[in-house]
file run.txt (compact mmCIF, C-alpha atoms)
# COMPACT_ATOMS: atom_id res chain seq x y z
CA MET K 1212 0.00 0.00 0.00
CA VAL K 1213 1.38 3.33 -1.01
CA ASN K 1214 0.22 6.80 -0.19
CA ASN K 1215 -0.85 8.09 -3.49
CA PRO K 1216 -2.28 11.55 -3.19
CA ASP K 1217 -3.30 11.42 -6.83
CA ALA K 1218 -5.21 8.15 -6.89
CA GLY K 1219 -7.22 8.22 -10.04
CA PRO K 1220 -7.39 6.94 -13.59
CA PRO K 1221 -3.98 6.65 -15.26
CA GLN K 1222 -4.04 9.70 -17.45
CA PRO K 1223 -1.58 12.55 -17.64
CA GLU K 1224 -2.61 14.85 -14.85
CA PRO K 1225 -0.67 17.65 -13.23
CA PHE K 1226 0.50 16.78 -9.74
CA ALA K 1227 3.08 18.04 -7.33
CA ALA K 1228 6.06 15.75 -7.95
CA ASP K 1229 8.11 17.64 -5.38
CA LEU K 1230 5.51 16.97 -2.71
CA LEU K 1231 5.56 13.29 -3.62
CA ARG K 1232 9.35 13.15 -3.60
CA GLY K 1233 9.34 14.50 -0.05
CA HIS K 1234 7.60 11.30 1.04
CA THR K 1235 9.95 8.84 -0.65
CA ASP K 1236 11.18 7.38 2.65
CA THR K 1237 7.65 6.73 3.88
CA ILE K 1238 6.63 5.26 0.52
CA VAL K 1239 9.52 2.78 0.61
CA LEU K 1240 8.67 1.85 4.22
CA GLY K 1241 5.08 1.27 3.09
CA VAL K 1242 6.21 -1.05 0.31
CA LEU K 1243 8.32 -3.05 2.78
CA ARG K 1244 5.51 -3.34 5.33
CA ASP K 1245 4.27 -6.80 4.35
CA ALA K 1246 7.36 -8.47 2.90
CA GLU K 1247 11.09 -8.10 2.49
CA ARG K 1248 12.05 -7.13 -1.04
CA TYR K 1249 15.12 -6.30 -3.11
CA GLY K 1250 15.80 -2.97 -4.80
CA LEU K 1251 14.24 -3.62 -8.20
CA GLU K 1252 11.12 -5.11 -6.60
CA ILE K 1253 10.64 -1.99 -4.48
CA TYR K 1254 11.07 0.23 -7.53
CA LYS K 1255 8.51 -1.78 -9.49
CA ALA K 1256 6.03 -1.88 -6.60
CA ILE K 1257 6.09 1.92 -6.44
CA ARG K 1258 5.80 2.31 -10.21
CA ASP K 1259 2.93 -0.18 -10.47
CA ALA K 1260 1.04 1.27 -7.50
CA THR K 1261 0.77 4.61 -9.27
CA GLY K 1262 -0.31 2.88 -12.48
CA GLY K 1263 2.83 4.13 -14.19
CA LEU K 1264 1.80 7.72 -13.52
CA TYR K 1265 4.86 8.44 -11.47
CA GLU K 1266 8.10 6.66 -10.84
CA ILE K 1267 10.91 7.37 -8.43
CA LYS K 1268 14.19 6.84 -10.24
CA GLU K 1269 16.07 3.74 -9.13
CA ALA K 1270 19.21 5.80 -8.63
CA THR K 1271 17.35 8.02 -6.16
CA LEU K 1272 16.05 4.98 -4.33
CA TYR K 1273 19.57 3.72 -3.56
CA ALA K 1274 20.22 6.89 -1.56
CA THR K 1275 16.90 6.37 0.22
CA TYR K 1276 17.76 2.77 1.16
CA ARG K 1277 21.07 3.91 2.57
CA ARG K 1278 19.45 6.62 4.67
CA LEU K 1279 16.80 4.21 5.98
CA VAL K 1280 19.44 1.62 6.92
CA LYS K 1281 21.54 4.26 8.66
CA ASP K 1282 18.57 5.39 10.76
CA GLY K 1283 17.73 1.80 11.66
CA LEU K 1284 14.32 1.90 9.97
CA VAL K 1285 15.27 -0.86 7.54
CA GLU K 1286 17.73 -3.77 7.68
CA ALA K 1287 19.64 -4.90 4.60
CA SER K 1288 21.02 -8.36 3.97
CA TRP K 1289 22.47 -10.17 0.98
CA GLY K 1290 20.17 -13.07 0.14
CA ASP K 1291 21.46 -16.45 -0.93
CA GLU K 1292 19.81 -16.94 -4.30
CA THR K 1293 20.33 -20.31 -5.93
CA GLN K 1294 19.40 -19.20 -9.44
CA GLY K 1295 20.59 -15.90 -10.78
CA GLY K 1296 22.88 -13.75 -8.68
CA ARG K 1297 22.74 -12.77 -5.05
CA ARG K 1298 20.33 -9.99 -4.19
CA LYS K 1299 20.33 -7.43 -1.43
CA TYR K 1300 17.07 -7.64 0.49
CA TYR K 1301 15.53 -4.95 2.66
CA ARG K 1302 13.39 -5.64 5.71
CA ILE K 1303 11.45 -3.13 7.80
CA THR K 1304 12.30 -2.89 11.54
CA ASP K 1305 10.03 -2.10 14.49
CA ALA K 1306 11.44 1.43 14.44
CA GLY K 1307 10.56 1.62 10.73
CA ARG K 1308 6.97 0.56 11.41
CA ALA K 1309 6.60 3.19 14.12
CA VAL K 1310 8.01 5.92 11.88
CA TYR K 1311 5.79 4.77 9.00
CA ASN K 1312 2.67 4.93 11.20
CA ASN K 1313 3.62 8.39 12.47
CA ASN K 1314 4.25 9.70 8.97
CA VAL K 1315 0.97 8.29 7.64
CA ARG K 1316 -0.89 9.90 10.54
CA SER K 1317 0.70 13.29 9.97
CA TRP K 1318 0.17 13.03 6.20
CA THR K 1319 -3.54 12.23 6.67
CA ALA K 1320 -3.95 15.12 9.08
CA THR K 1321 -2.11 17.50 6.73
CA ALA K 1322 -4.12 16.36 3.70
CA ASN K 1323 -7.36 16.95 5.62
CA ILE K 1324 -6.27 20.43 6.65
CA ILE K 1325 -5.22 21.38 3.13
CA ASN K 1326 -8.45 19.98 1.69
CA THR K 1327 -10.43 22.05 4.16
CA LEU K 1328 -8.42 25.19 3.46
CA LEU K 1329 -8.75 24.75 -0.29
CA ASN K 1330 -12.46 24.02 0.00
CA VAL K 1331 -12.05 20.72 -1.79
CA LYS K 1332 -15.01 18.37 -1.83
CA GLY K 1333 -14.45 14.87 -3.14
CA GLY K 1334 -11.25 15.74 -4.97
CA THR K 1335 -12.70 18.39 -7.28
CA PRO K 1336 -12.63 22.14 -6.73
CA MET N 406 24.43 -14.42 -24.94
CA SER N 407 25.01 -14.21 -21.24
CA ASN N 408 28.66 -13.40 -21.84
CA ALA N 409 27.90 -10.51 -24.15
CA GLU N 410 25.32 -8.94 -21.85
CA ASN N 411 27.52 -9.37 -18.86
CA SER N 412 30.57 -7.78 -20.40
CA SER N 413 28.46 -4.86 -21.58
CA ILE N 414 26.82 -4.26 -18.23
CA HIS N 415 30.08 -4.58 -16.33
CA ARG N 416 31.70 -2.06 -18.65
CA LEU N 417 28.83 0.43 -18.16
CA LEU N 418 28.97 -0.03 -14.39
CA ASP N 419 32.74 0.43 -14.29
CA GLN N 420 32.38 3.62 -16.30
CA ALA N 421 29.73 4.94 -13.91
CA PHE N 422 31.90 4.27 -10.87
CA ASP N 423 35.05 5.47 -12.60
CA GLY N 424 36.66 8.35 -10.73
CA ALA N 425 34.98 7.67 -7.40
CA ALA N 426 37.38 6.68 -4.63
CA MET N 427 36.10 3.22 -3.79
CA ASN N 428 35.19 2.40 -0.21
CA PRO N 429 33.43 -0.72 1.12
CA GLU N 430 30.05 1.01 1.03
CA LEU N 431 30.47 2.05 -2.59
CA GLN N 432 31.62 -1.44 -3.52
CA ASP N 433 28.49 -2.84 -1.90
CA LEU N 434 26.33 -0.35 -3.80
CA LYS N 435 27.97 -1.36 -7.06
CA GLU N 436 27.25 -5.03 -6.42
CA GLU N 437 23.66 -4.26 -5.47
CA ILE N 438 23.09 -2.24 -8.65
CA ARG N 439 24.74 -5.02 -10.67
CA SER N 440 22.42 -7.66 -9.21
CA ASN N 441 19.32 -5.56 -9.93
CA LEU N 442 20.54 -4.80 -13.46
CA LEU N 443 20.99 -8.51 -14.20
CA VAL N 444 17.38 -9.19 -13.17
CA ARG N 445 16.11 -6.35 -15.37
CA ILE N 446 18.25 -7.44 -18.32
CA ALA N 447 16.86 -10.96 -18.09
CA GLU N 448 13.33 -9.51 -18.19
CA LEU N 449 14.11 -7.32 -21.19
CA GLY N 450 15.72 -10.30 -22.90
CA GLU N 451 12.47 -12.22 -22.53
CA GLN N 452 10.70 -9.32 -24.22
CA GLY N 453 12.89 -9.93 -27.27
CA LEU N 454 15.64 -7.35 -26.94
CA THR N 455 19.17 -8.33 -27.88
CA ALA N 456 21.72 -8.57 -25.10
CA GLU N 457 23.36 -5.29 -26.02
CA GLN N 458 20.02 -3.46 -26.28
CA ALA N 459 18.81 -4.89 -22.99
CA SER N 460 21.99 -3.82 -21.21
CA ARG N 461 21.77 -0.25 -22.50
CA ARG N 462 18.06 0.00 -21.79
CA ALA N 463 18.36 -1.36 -18.23
CA PHE N 464 21.22 0.99 -17.52
CA GLU N 465 19.33 4.00 -18.86
CA GLU N 466 16.32 3.12 -16.70
CA LEU N 467 18.48 3.48 -13.61
CA GLY N 468 18.64 7.24 -13.91
CA ASP N 469 21.51 9.45 -12.92
CA LEU N 470 23.93 7.58 -10.67
CA ASP N 471 26.41 10.42 -10.12
CA GLY N 472 24.51 11.99 -7.21
CA VAL N 473 24.15 8.72 -5.35
CA ILE N 474 27.76 7.77 -5.92
CA ALA N 475 28.92 11.15 -4.63
CA GLU N 476 26.79 10.72 -1.51
CA PHE N 477 28.22 7.27 -0.79
CA ALA N 478 31.76 8.48 -1.47
CA ASP N 479 31.36 11.34 1.01
CA ALA N 480 30.10 8.96 3.63
CA GLY N 481 33.23 6.88 3.28
CA HIS N 482 35.26 9.76 4.60
CA GLY N 483 35.34 9.94 8.35
CA GLY N 484 33.30 6.76 8.70
CA PRO N 485 34.96 3.80 10.38
CA GLY N 486 34.42 1.80 7.16
CA GLY N 487 36.68 3.77 4.84
CA PRO N 488 40.14 2.20 4.77
CA ALA N 489 41.79 5.09 2.95
CA SER N 490 40.32 7.84 5.10
CA PRO N 491 42.24 8.98 8.18
CA ALA N 492 40.61 8.49 11.60
CA PRO N 493 38.41 11.47 12.39
CA ALA N 494 39.50 13.82 15.14
CA PHE N 495 37.10 13.10 17.98
CA ASP N 496 36.28 15.95 20.30
CA PRO N 497 34.53 14.45 23.34
CA ALA N 498 33.36 17.82 24.68
CA ALA N 499 31.73 18.90 21.41
CA ALA N 500 30.23 15.46 20.94
CA ALA N 501 28.80 15.43 24.46
CA ALA N 502 27.24 18.87 23.94
CA GLY N 503 25.68 17.69 20.68
CA HIS N 504 24.34 14.56 22.34
CA LEU N 505 22.83 16.54 25.21
CA ALA N 506 21.08 18.79 22.71
CA ALA N 507 19.79 15.75 20.80
CA ALA N 508 18.58 14.14 24.02
CA ALA N 509 16.73 17.30 25.05
CA LEU N 510 15.17 17.61 21.62
CA ASN N 511 13.98 14.00 21.59
CA LYS N 512 12.74 13.83 25.14
CA VAL N 513 9.45 11.97 25.47
CA ALA N 514 7.69 12.30 28.82
CA PRO N 515 5.79 9.18 29.92
CA ARG N 516 2.03 9.64 29.78
CA PRO N 517 0.46 10.15 33.23
CA GLY N 518 -2.23 7.56 32.49
CA PHE N 519 0.40 4.96 31.71
CA VAL N 520 2.42 5.70 34.86
CA LEU N 521 -0.70 5.48 37.03
CA GLY N 522 -1.83 2.29 35.29
CA ILE N 523 1.53 0.57 35.74
CA LEU N 524 1.52 1.56 39.42
CA ILE N 525 -1.92 0.01 39.91
CA LEU N 526 -0.91 -3.11 37.98
CA SER N 527 2.23 -3.52 40.10
CA LEU N 528 0.22 -3.19 43.31
CA ALA N 529 -2.32 -5.72 42.00
CA ALA N 530 0.48 -8.15 41.07
CA LEU N 531 2.11 -7.71 44.49
CA ALA N 532 -1.21 -8.23 46.32
CA SER N 533 -1.95 -11.38 44.30
CA LEU N 534 1.52 -12.69 45.03
CA VAL N 535 1.06 -12.17 48.78
CA LEU N 536 -2.37 -13.81 48.58
CA PHE N 537 -0.88 -16.75 46.66
CA VAL N 538 1.87 -17.31 49.24
CA LEU N 539 -0.62 -17.01 52.13
CA ALA N 540 -3.01 -19.48 50.49
CA LEU N 541 -0.16 -21.93 49.88
CA SER N 542 1.31 -21.71 53.37
CA GLY N 543 -2.16 -21.79 54.92
CA GLY N 544 -2.55 -25.27 53.50
CA GLY N 545 -6.08 -25.16 52.08
CA ALA N 546 -7.94 -22.77 49.78
CA ALA N 547 -6.47 -24.07 46.52
CA GLY N 548 -9.10 -22.05 44.67
CA THR N 549 -7.79 -18.81 46.16
CA ALA N 550 -4.21 -19.71 45.21
CA VAL N 551 -5.20 -20.46 41.58
CA LEU N 552 -7.19 -17.24 41.35
CA ALA N 553 -4.33 -15.20 42.82
CA ALA N 554 -1.83 -16.79 40.43
CA PHE N 555 -3.97 -15.93 37.42
CA ALA N 556 -4.42 -12.35 38.64
CA ALA N 557 -0.64 -11.99 39.02
CA ALA N 558 -0.04 -13.48 35.56
CA LEU N 559 -2.61 -11.17 33.99
CA ALA N 560 -1.07 -8.12 35.68
CA ALA N 561 2.45 -9.09 34.57
CA GLY N 562 1.31 -9.75 31.01
CA ILE N 563 -0.62 -6.49 30.67
CA ALA N 564 2.22 -4.47 32.22
CA THR N 565 4.74 -6.02 29.81
CA ALA N 566 2.65 -5.53 26.67
CA TRP N 567 1.61 -2.03 27.67
CA SER N 568 5.16 -0.89 28.49
CA LEU N 569 6.53 -2.15 25.19
CA GLN N 570 3.91 -0.19 23.28
CA GLN N 571 5.05 3.09 24.85
CA GLU N 572 7.21 5.49 22.93
CA THR N 573 10.22 6.52 25.00
CA SER N 574 12.98 9.04 24.42
CA GLN N 575 15.20 6.31 23.04
CA ASN N 576 12.87 3.68 21.64
CA HIS N 577 10.03 3.56 19.17
CA PRO N 578 6.94 1.67 20.39
CA LEU N 579 6.75 -2.01 19.51
CA PRO N 580 4.01 -3.03 17.03
CA ARG N 581 0.91 -4.25 18.88
CA ARG N 582 1.17 -7.92 17.91
CA ARG N 583 4.79 -8.26 19.05
CA ALA N 584 4.05 -6.40 22.29
CA LEU N 585 1.15 -8.78 22.93
CA GLY N 586 3.49 -11.70 22.22
CA TYR N 587 5.94 -10.50 24.87
CA GLY N 588 3.03 -9.96 27.26
CA ALA N 589 1.67 -13.47 26.69
CA SER N 590 5.13 -15.00 27.22
CA ALA N 591 5.56 -13.08 30.48
CA ALA N 592 2.09 -14.11 31.69
CA SER N 593 2.66 -17.77 30.87
CA ALA N 594 6.00 -17.69 32.69
CA VAL N 595 4.16 -16.54 35.84
CA VAL N 596 1.46 -19.19 35.35
CA GLY N 597 4.10 -21.89 34.88
CA LEU N 598 6.02 -20.89 38.01
CA ALA N 599 2.76 -20.82 39.99
CA LEU N 600 1.87 -24.32 38.79
CA CYS N 601 5.31 -25.54 39.88
CA ALA N 602 4.74 -23.96 43.32
CA LEU N 603 1.37 -25.73 43.59
CA ALA N 604 3.07 -29.09 43.06
CA ALA N 605 3.70 -29.45 46.81
CA SER N 606 -0.04 -29.67 47.50
CA ALA N 607 -1.35 -30.97 44.19
CA GLY N 608 1.25 -33.56 43.23
CA ALA N 609 3.83 -34.22 40.54
CA GLY N 610 1.35 -33.86 37.68
CA MET N 611 1.12 -30.16 38.47
CA LEU N 612 4.92 -29.88 38.42
CA ALA N 613 5.07 -31.43 34.96
CA ALA N 614 2.36 -29.06 33.72
CA GLY N 615 4.23 -26.11 35.26
CA ILE N 616 7.50 -27.03 33.60
CA PHE N 617 5.67 -27.48 30.30
CA VAL N 618 4.15 -23.98 30.51
CA VAL N 619 7.48 -22.41 31.54
CA LEU N 620 9.16 -24.07 28.56
CA GLY N 621 6.44 -22.71 26.29
CA SER N 622 7.08 -19.25 27.65
CA ALA N 623 10.83 -19.65 27.09
CA VAL N 624 10.22 -20.72 23.48
CA GLY N 625 8.04 -17.65 23.02
CA PHE N 626 10.73 -15.34 24.41
CA ILE N 627 13.44 -16.94 22.28
CA TRP N 628 11.36 -16.65 19.12
CA LEU N 629 10.50 -13.01 19.85
CA GLY N 630 14.11 -12.21 20.70
CA MET N 631 15.49 -13.80 17.55
CA SER N 632 13.02 -12.02 15.29
CA GLN N 633 13.47 -8.69 17.07
CA THR N 634 14.55 -5.84 14.81
CA ASN N 635 15.89 -2.41 15.65
CA ARG N 636 13.59 -0.17 17.70
CA LYS N 637 16.12 2.47 18.71
CA LYS N 638 15.48 5.97 17.45
CA ALA N 639 17.78 7.46 14.84
CA TRP N 640 19.34 9.98 17.25
CA VAL N 641 20.32 7.22 19.69
CA ARG N 642 21.98 5.32 16.86
CA SER N 643 23.90 8.40 15.80
CA VAL N 644 25.14 8.93 19.39
CA ALA N 645 26.18 5.28 19.53
CA ARG N 646 28.04 5.65 16.21
CA ASP N 647 29.98 8.60 17.60
CA TYR N 648 31.23 6.54 20.50
CA GLN N 649 31.89 3.48 18.42
CA ALA N 650 35.57 2.72 18.06
CA GLN N 651 36.34 5.09 20.91
CA ASP N 652 36.89 2.29 23.42
CA ARG N 653 40.31 0.79 24.06
CA PHE N 654 39.71 -2.65 22.56
CA THR N 655 38.61 -1.29 19.18
CA GLN N 656 41.52 1.13 19.02
CA ASP N 657 44.08 -1.36 20.23
CA PRO N 658 43.39 -4.88 18.93
CA VAL N 659 46.57 -6.17 20.62
CA ALA N 660 45.13 -5.23 24.02
CA ALA N 661 41.90 -7.02 23.09
CA ALA N 662 43.81 -10.17 22.11
CA ARG N 663 45.85 -10.04 25.34
CA PHE N 664 42.63 -9.69 27.32
CA GLY N 665 41.20 -12.73 25.56
CA ILE N 666 44.20 -14.83 26.63
CA TYR N 667 44.02 -13.54 30.22
CA THR N 668 40.32 -14.45 30.31
CA ALA N 669 40.99 -18.00 29.18
CA VAL N 670 43.82 -18.44 31.73
CA ILE N 671 41.74 -17.01 34.60
CA TRP N 672 38.72 -19.22 34.00
CA ILE N 673 40.65 -22.41 33.26
CA THR N 674 42.56 -21.92 36.52
CA ALA N 675 39.40 -21.04 38.44
CA PHE N 676 37.56 -24.13 37.23
CA ALA N 677 40.57 -26.38 37.90
CA VAL N 678 40.84 -25.05 41.48
CA PHE N 679 37.04 -25.43 41.83
CA ALA N 680 37.21 -29.08 40.80
CA LEU N 681 40.19 -29.73 43.07
CA LEU N 682 38.57 -28.07 46.11
CA SER N 683 35.27 -29.87 45.45
CA LEU N 684 37.04 -33.22 45.61
CA THR N 685 39.17 -32.40 48.65
CA VAL N 686 37.44 -29.78 50.85
CA GLY N 687 33.91 -30.20 49.48
CA PHE N 688 31.21 -28.08 47.88
CA ALA N 689 30.80 -25.89 50.97
CA TRP N 690 33.97 -23.96 50.12
CA SER N 691 34.91 -24.84 46.53
CA TRP N 692 32.59 -22.17 45.05
CA LEU N 693 34.98 -19.55 46.45
CA ALA N 694 37.35 -20.44 43.60
CA LEU N 695 34.75 -19.33 41.05
CA LEU N 696 34.07 -16.17 43.02
CA ALA N 697 37.79 -15.38 43.10
CA GLY N 698 37.98 -16.05 39.36
CA LEU N 699 35.15 -13.59 38.72
CA ALA N 700 36.76 -10.93 40.91
CA VAL N 701 40.11 -11.25 39.14
CA PHE N 702 38.37 -11.24 35.76
CA MET N 703 36.53 -7.99 36.52
CA LEU N 704 39.74 -6.36 37.84
CA VAL N 705 41.64 -7.32 34.70
CA LEU N 706 38.78 -6.04 32.52
CA ALA N 707 38.83 -2.68 34.34
CA ARG N 708 42.60 -2.42 34.07
CA MET N 709 42.54 -3.28 30.37
CA LEU N 710 39.74 -0.86 29.46
CA PHE N 711 41.02 2.02 31.60
CA PRO N 712 44.81 1.70 31.85
CA ALA N 713 46.26 3.54 34.84
CA ASP N 714 49.25 4.82 32.88
CA GLY N 715 47.34 6.31 29.97
CA GLY N 716 47.23 3.57 27.38
CA ARG N 717 50.39 1.65 28.29
CA ALA N 718 50.24 -2.11 28.24
CA GLN N 719 48.83 -4.03 31.17
CA HIS N 720 51.25 -6.01 33.32
CA PRO N 721 50.66 -9.69 32.76
CA GLY N 722 50.82 -10.78 36.41
CA SER N 723 47.12 -10.39 37.26
CA GLY N 724 46.11 -13.64 35.61
CA ARG N 725 47.86 -15.68 38.27
CA ALA N 726 46.41 -14.11 41.42
CA LYS N 727 43.56 -16.44 42.15
CA GLY N 728 45.23 -19.84 42.53
CA GLU N 729 46.71 -18.98 45.91

call {"tool": "encode", "arguments": {"input": "run.txt", "output": "structure tokens"}}
result
Amino acid sequence: MVNNPDAGPPQPEPFAADLLRGHTDTIVLGVLRDAERYGLEIYKAIRDATGGLYEIKEATLYATYRRLVKDGLVEASWGDETQGGRRKYYRITDAGRAVYNNNVRSWTATANIINTLLNVKGGTP
Amino acid sequence: MSNAENSSIHRLLDQAFDGAAMNPELQDLKEEIRSNLLVRIAELGEQGLTAEQASRRAFEELGDLDGVIAEFADAGHGGPGGPASPAPAFDPAAAAAGHLAAAALNKVAPRPGFVLGILILSLAALASLVLFVLALSGGGAAGTAVLAAFAAALAAGIATAWSLQQETSQNHPLPRRRALGYGASAASAVVGLALCALAASAGAGMLAAGIFVVLGSAVGFIWLGMSQTNRKKAWVRSVARDYQAQDRFTQDPVAAARFGIYTAVIWITAFAVFALLSLTVGFAWSWLALLAGLAVFMLVLARMLFPADGGRAQHPGSGRAKGE
């Protein structure tokens, strides 16, 4: 499950990419919530969840993984793959879950406030 | 085919990392990117692209690697991982001031409701324990003893689960299911111990049941402990990183090795003396050998970690003190 502020039909639609980029850490934590995954899987999960509307560049994600590991929100380990090469898997920690829950709460609260301020009803002005 | 695609992808990767001063972290990043690229290339190959096309396409999809590589390269400097980088100058006073500021900023006061609740739970657990002991020593009233034991177990379980779900200055709260798991293990430990205590009046069957429940609780704790992941907050980890490699054994591996040998000598001697005294004087006094061993071990540890003469080597005589 990914926070997608622009949930809607996959058609070119203007949206605030900067705003989305600011939540990259939380988005990755959300992807890792139910299973441990390797880098490409995380990238694809994010891309597919937005219906191809928006993708976070893989190169950017590597910096995100590193930051998350450093803060102890995610643990990395090289898996022992029998076919194909070895892959580096990421797993969410208890700290990561707590931070994810906090961020989702504050995002929901912020989204509600902005919607109220902008007089939005049901996503249309 | 696999050869061609591999050589191409390795060449592209080497070019991307060309110019960056390699450190272990960068090397790890390179291998990670390589493994992900190989997966993507295999997918593109299935879609009908040639090896060369697939390699180029997968590499283009990555995006701009320069920024990430620069970030990883910077991190190598000053970090304990970078072999080429000189050890950072560590200023304990500045670090301590920074840590104090971080601690003040991240302070989380316990919620009054939680404090009050834990106090009540502790009192309830204590009262049930007293009741349990009274019922047992009084001889009869097995029903009261069972009821008291369950009340104590419930209080212990709730207190454990509730505490672990609290956010503290240093720890994030545990997810609810894991906290409940710890609580259940704690409660069943109390139940098991109570069943064992009841064995005196209720027979050996109760003892077996008690041991069974205690073992179940131990299995629960072991499983929870082994699957436990980090719950420390980021600022605590950064403080810990600052102090990492500041202790004597990390800075001076020779001292650490010497300490390892001392430890082995101390305990081998202590156990030999223990066995000897057990056979000659008896168990009443032989345990003193182990106590002496522990005392000498702690003294040596203190001397090794905090040398009296400012980092000079430790005199090797201490290992022999306890035999006498």

call {"tool": "atom_distance", "arguments": {"input": "run.txt", "atom1": "atom CA of Glu476 of chain N", "atom2": "atom CA of Leu505 of chain N"}}
result
27.6 Å

call {"tool": "closest_residue", "arguments": {"input": "run.txt", "among": "N:Phe422, N:Trp640, N:Phe537, N:Tyr587", "to": "chain K", "atoms": "all atoms listed in the file"}}
result
N:Trp640

call {"tool": "interface_residues", "arguments": {"input": "run.txt", "of": "chain N", "to": "chain K", "cutoff": "9 Å", "atoms": "only C-alpha atoms", "output": "ChimeraX atom specification"}}
result
/N:434,436-438,440-445,466-474,476-477,576-580,633-640,642-643

call {"tool": "residues_around", "arguments": {"input": "run.txt", "residues": "Leu1243 of chain K", "least_positions_apart": "3", "cutoff": "8 Å", "atoms": "all atoms listed in the file", "output": "ChimeraX atom specification"}}
result
/K:1239-1240,1246-1248,1253,1301-1303

call {"tool": "atom_distance", "arguments": {"input": "run.txt", "atom1": "atom CA of Gln656 of chain N", "atom2": "atom CA of Ser1288 of chain K"}}
result
27.1 Å

call {"tool": "atom_distance", "arguments": {"input": "run.txt", "atom1": "atom CA of Phe464 of chain N", "atom2": "atom CA of Ile446 of chain N"}}
result
9.0 Å

call {"tool": "residues_around", "arguments": {"input": "run.txt", "residues": "segment 692-697 of chain N", "least_positions_apart": "3", "cutoff": "10 Å", "atoms": "only C-alpha atoms", "output": "list in words"}}
result
Ile671, Trp672, Thr674, Ala675, Phe676, Ala677, Val678, Phe679, Ala680, Leu681, Leu682, Ser683, Gly687, Phe688, Ala689, Ala700, Val701, Phe702, Met703, Ala726, Lys727, Gly728 and Glu729 of chain N

call {"tool": "residues_near_point", "arguments": {"input": "run.txt", "point": "(5.2, 3.7, -9.5)", "cutoff": "10 Å", "atoms": "all atoms listed in the file", "output": "ChimeraX atom specification"}}
result
/K:1213,1215,1253-1268

call {"tool": "decode", "arguments": {"input": "run.txt", "residues": "segment 676-715 of chain N", "atoms": "C-alpha atoms", "output": "compact mmCIF listing (two decimals), in the first residue's frame"}}
result
# COMPACT_ATOMS: atom_id res chain seq x y z
CA PHE N 676 37.56 -24.13 37.23
CA ALA N 677 40.57 -26.38 37.90
CA VAL N 678 40.84 -25.05 41.48
CA PHE N 679 37.04 -25.43 41.83
CA ALA N 680 37.21 -29.08 40.80
CA LEU N 681 40.19 -29.73 43.07
CA LEU N 682 38.57 -28.07 46.11
CA SER N 683 35.27 -29.87 45.45
CA LEU N 684 37.04 -33.22 45.61
CA THR N 685 39.17 -32.40 48.65
CA VAL N 686 37.44 -29.78 50.85
CA GLY N 687 33.91 -30.20 49.48
CA PHE N 688 31.21 -28.08 47.88
CA ALA N 689 30.80 -25.89 50.97
CA TRP N 690 33.97 -23.96 50.12
CA SER N 691 34.91 -24.84 46.53
CA TRP N 692 32.59 -22.17 45.05
CA LEU N 693 34.98 -19.55 46.45
CA ALA N 694 37.35 -20.44 43.60
CA LEU N 695 34.75 -19.33 41.05
CA LEU N 696 34.07 -16.17 43.02
CA ALA N 697 37.79 -15.38 43.10
CA GLY N 698 37.98 -16.05 39.36
CA LEU N 699 35.15 -13.59 38.72
CA ALA N 700 36.76 -10.93 40.91
CA VAL N 701 40.11 -11.25 39.14
CA PHE N 702 38.37 -11.24 35.76
CA MET N 703 36.53 -7.99 36.52
CA LEU N 704 39.74 -6.36 37.84
CA VAL N 705 41.64 -7.32 34.70
CA LEU N 706 38.78 -6.04 32.52
CA ALA N 707 38.83 -2.68 34.34
CA ARG N 708 42.60 -2.42 34.07
CA MET N 709 42.54 -3.28 30.37
CA LEU N 710 39.74 -0.86 29.46
CA PHE N 711 41.02 2.02 31.60
CA PRO N 712 44.81 1.70 31.85
CA ALA N 713 46.26 3.54 34.84
CA ASP N 714 49.25 4.82 32.88
CA GLY N 715 47.34 6.31 29.97
